[in-house]
>>> print(open('my_file_17.txt').read())   # compact mmCIF, C-alpha atoms
# COMPACT_ATOMS: atom_id res chain seq x y z
CA MET A 595 -52.05 2.42 2.50
CA ALA A 596 -50.29 5.69 1.61
CA ARG A 597 -48.01 5.89 -1.40
CA ARG A 598 -44.54 7.36 -1.08
CA GLN A 599 -42.80 9.65 -3.56
CA ASN A 600 -40.31 6.91 -4.52
CA ASP A 601 -43.25 4.65 -5.41
CA ASP A 602 -44.55 7.34 -7.79
CA LEU A 603 -41.15 7.57 -9.53
CA LEU A 604 -40.97 3.81 -9.86
CA ILE A 605 -44.44 3.68 -11.43
CA GLU A 606 -43.47 6.47 -13.89
CA ASP A 607 -40.34 4.55 -14.94
CA GLU A 608 -42.34 1.35 -15.41
CA LEU A 609 -44.92 3.18 -17.52
CA ALA A 610 -42.23 4.83 -19.67
CA ALA A 611 -40.47 1.49 -20.19
CA ALA A 612 -43.75 -0.17 -21.18
CA PHE A 613 -44.41 2.38 -23.93
CA LEU A 614 -40.85 2.67 -25.28
CA ASN A 615 -39.59 0.15 -27.77
CA ASP A 616 -35.94 -1.03 -27.74
CA ASP A 617 -34.85 1.45 -30.45
CA GLN A 618 -36.22 4.43 -28.51
CA PHE A 619 -34.54 3.21 -25.33
CA GLU A 620 -31.17 2.83 -27.14
CA ASP A 621 -31.57 6.37 -28.58
CA GLU A 622 -32.15 7.76 -25.09
CA VAL A 623 -29.07 5.94 -23.75
CA LEU A 624 -26.99 7.24 -26.69
CA GLN A 625 -28.18 10.82 -26.05
CA ALA A 626 -27.28 10.48 -22.37
CA ASP A 627 -23.78 9.26 -23.34
CA ILE A 628 -23.31 12.21 -25.70
CA GLN A 629 -24.37 14.66 -22.99
CA GLN A 630 -21.94 13.01 -20.54
CA GLU A 631 -19.04 13.33 -23.03
CA GLN A 632 -19.88 17.00 -23.67
CA ALA A 633 -20.01 17.75 -19.95
CA TYR A 634 -16.77 15.87 -19.17
CA PRO A 635 -14.59 15.76 -22.30
CA GLU A 636 -11.55 13.50 -22.22
CA VAL A 637 -8.25 15.31 -21.81
CA ASP A 638 -5.88 15.02 -24.74
CA PRO A 639 -2.47 13.94 -23.36
CA GLU A 640 -0.83 16.55 -25.60
CA ASP A 641 -2.74 19.29 -23.74
CA GLU A 642 -1.85 18.10 -20.24
CA PHE A 643 -0.13 20.43 -17.83
CA PRO A 644 3.06 19.29 -16.15
CA GLY A 645 2.57 17.50 -12.84
CA GLN A 646 2.87 19.62 -9.75
CA LEU A 647 5.50 18.72 -7.19
CA ALA A 648 4.44 18.64 -3.54
CA VAL A 649 6.70 20.65 -1.23
CA ASP A 650 7.17 21.34 2.47
CA VAL A 651 8.49 24.79 3.44
CA TYR A 652 9.54 25.69 6.98
CA GLU A 653 11.97 28.00 8.73
CA THR A 654 14.20 27.99 11.77
CA ASP A 655 15.82 30.99 13.42
CA ASP A 656 18.44 31.35 10.68
CA LYS A 657 17.42 29.00 7.83
CA LEU A 658 14.56 28.52 5.38
CA VAL A 659 14.13 24.93 4.19
CA VAL A 660 12.22 23.58 1.20
CA LYS A 661 11.74 19.81 0.92
CA ALA A 662 10.32 17.95 -2.05
CA ARG A 663 9.82 14.23 -2.55
CA THR A 664 11.53 13.45 -5.85
CA ALA A 665 11.88 9.68 -5.70
CA GLY A 666 12.88 8.26 -9.07
CA VAL A 667 14.29 11.52 -10.44
CA ASN A 668 17.95 11.60 -11.46
CA LYS A 669 20.04 14.65 -10.58
CA GLN A 670 20.60 15.37 -14.28
CA ASP A 671 16.80 15.43 -14.83
CA LEU A 672 16.27 18.03 -12.08
CA ASP A 673 16.43 21.81 -12.49
CA VAL A 674 16.41 24.13 -9.48
CA SER A 675 16.48 27.90 -10.05
CA LEU A 676 16.03 31.04 -7.97
CA SER A 677 15.12 34.51 -9.18
CA ASP A 678 13.80 37.45 -7.14
CA ASN A 679 12.91 35.23 -4.15
CA ILE A 680 10.97 32.84 -6.43
CA LEU A 681 12.12 29.21 -6.33
CA THR A 682 11.37 26.94 -9.29
CA ILE A 683 11.92 23.18 -9.19
CA SER A 684 11.27 21.26 -12.39
CA GLY A 685 12.29 18.00 -13.94
CA THR A 686 11.26 14.78 -15.56
CA LEU A 687 10.19 11.55 -13.90
CA ASN A 688 10.97 8.62 -16.18
CA SER A 689 9.15 5.35 -15.58
CA GLY A 690 12.07 3.34 -16.92
CA ASP A 691 9.53 1.16 -18.72
CA GLN A 692 10.84 -0.71 -21.75
CA TYR A 693 7.39 -0.94 -23.40
CA ASN A 694 5.90 1.81 -25.51
CA ASP A 695 2.34 3.05 -24.96
CA GLN A 696 0.98 1.08 -27.94
CA ASP A 697 2.02 -2.22 -26.31
CA LYS A 698 0.25 -1.47 -23.02
CA LYS A 699 -3.24 -2.38 -21.90
CA TRP A 700 -3.68 -0.38 -18.69
CA HIS A 701 -5.65 -1.77 -15.76
CA ILE A 702 -4.69 0.89 -13.19
CA GLN A 703 -2.65 4.05 -13.77
CA GLU A 704 -2.08 6.09 -10.63
CA CYS A 705 1.59 7.03 -10.87
CA TYR A 706 2.58 10.24 -12.60
CA TRP A 707 5.36 9.96 -15.21
CA GLY A 708 6.66 12.87 -17.18
CA GLU A 709 7.48 16.50 -16.63
CA PHE A 710 6.76 18.22 -13.33
CA SER A 711 7.24 21.74 -12.05
CA ARG A 712 6.66 23.77 -8.92
CA THR A 713 7.17 27.46 -8.30
CA VAL A 714 7.23 28.80 -4.74
CA ALA A 715 7.42 32.41 -3.61
CA LEU A 716 9.76 32.25 -0.64
CA PRO A 717 8.08 33.69 2.47
CA VAL A 718 11.19 35.44 3.84
CA GLN A 719 14.19 37.26 2.41
CA ILE A 720 17.16 34.95 1.84
CA LYS A 721 20.79 35.32 0.86
CA GLU A 722 20.82 34.11 -2.76
CA ASP A 723 24.52 33.29 -2.60
CA GLU A 724 24.09 31.01 0.43
CA VAL A 725 21.95 28.16 -0.88
CA GLU A 726 22.52 24.42 -0.58
CA ALA A 727 20.57 21.79 -2.54
CA ILE A 728 20.96 18.09 -1.70
CA LEU A 729 19.20 15.13 -3.33
CA LYS A 730 19.35 12.14 -1.00
CA ASP A 731 17.15 9.04 -0.78
CA GLY A 732 14.57 10.54 -3.14
CA VAL A 733 14.16 13.78 -1.17
CA LEU A 734 15.39 17.14 -2.45
CA ILE A 735 16.32 19.46 0.41
CA ILE A 736 17.09 23.09 -0.40
CA THR A 737 18.42 25.16 2.50
CA PHE A 738 18.62 28.96 2.37
CA THR A 739 20.28 31.31 4.82
CA LYS A 740 17.79 33.96 5.90
CA VAL A 741 18.61 37.65 5.77
CA ARG A 742 18.62 39.00 9.29
CA GLN A 743 15.86 41.53 9.62
CA GLU A 744 16.66 44.46 11.84
CA PRO A 745 13.80 45.32 14.14
CA ALA A 746 11.83 48.29 12.92
CA LYS A 747 13.19 51.58 14.21
CA LYS A 748 10.77 53.83 15.90
CA ILE A 749 10.75 57.25 14.27
CA GLN A 750 9.79 60.15 16.39
CA VAL A 751 7.33 62.45 14.72
CA LEU A 752 8.10 66.13 15.37
>>> encode(input="my_file_17.txt", output="structure tokens")
Amino acid sequence: MARRQNDDLLIEDELAAAFLNDDQFEDEVLQADIQQEQAYPEVDPEDEFPGQLAVDVYETDDKLVVKARTAGVNKQDLDVSLSDNILTISGTLNSGDQYNDQDKKWHIQECYWGEFSRTVALPVQIKEDEVEAILKDGVLIITFTKVRQEPAKKIQVL
């Protein structure tokens, strides 16, 4: 009967386990844990970057529209600014939780709470004085009027 490669590995593990005492095994596990922590260090919450806001950007014949899902954000906690065709949306998402972090024993934490920001270079020229921002039902909709682009003029070379 032919031996397979997996059988060889299994035999090697059994032999190593037979010759290692419990202290040596615990040392090897501890070393593996240390290597894991060095490869994937925990992130200090103080060093975290602000969350990034997801956006949709599309255009029609005369408008450019930016939509962002901002459910749970109050208008006063939202900042929208425009400079040189760069749109920045930032704010703070408050969990509204009455307990402080020391009183909590987390089981699952998937929701992002805290500061967020998103900067978008607008893909077309817009009229900066014709902008409308509406926050309704947790969706921020920013509508820009596009600058009409004249078709390129053909220049005759003499």
>>> residues_around(input="my_file_17.txt", residues="Ala648 (chain A)", least_positions_apart="4", cutoff="8 Å", atoms="all atoms listed in the file", output="compact mmCIF listing (two decimals) with C-alpha atoms, in the frame of the given file")
# COMPACT_ATOMS: atom_id res chain seq x y z
CA ALA A 662 10.32 17.95 -2.05
CA ARG A 663 9.82 14.23 -2.55
CA ARG A 712 6.66 23.77 -8.92
>>> residues_around(input="my_file_17.txt", residues="Phe738 (chain A)", least_positions_apart="6", cutoff="9 Å", atoms="only C-alpha atoms", output="VMD selection string")
chain A and resid 656 to 660 720 to 727
>>> closest_residue(input="my_file_17.txt", among="A:Thr737, A:Thr713, A:Gln750, A:Gln743", to="Ile683 (chain A)", atoms="only C-alpha atoms")
A:Thr713
>>> residues_around(input="my_file_17.txt", residues="Ile728 (chain A)", least_positions_apart="6", cutoff="10 Å", atoms="only C-alpha atoms", output="count of residues only")
6
>>> closest_residue(input="my_file_17.txt", among="A:Leu676, A:Leu681, A:Val667, A:Val718", to="Tyr652 (chain A)", atoms="all atoms listed in the file")
A:Val718
>>> atom_distance(input="my_file_17.txt", atom1="CA of Val649 (chain A)", atom2="CA of Asp731 (chain A)")
15.6 Å
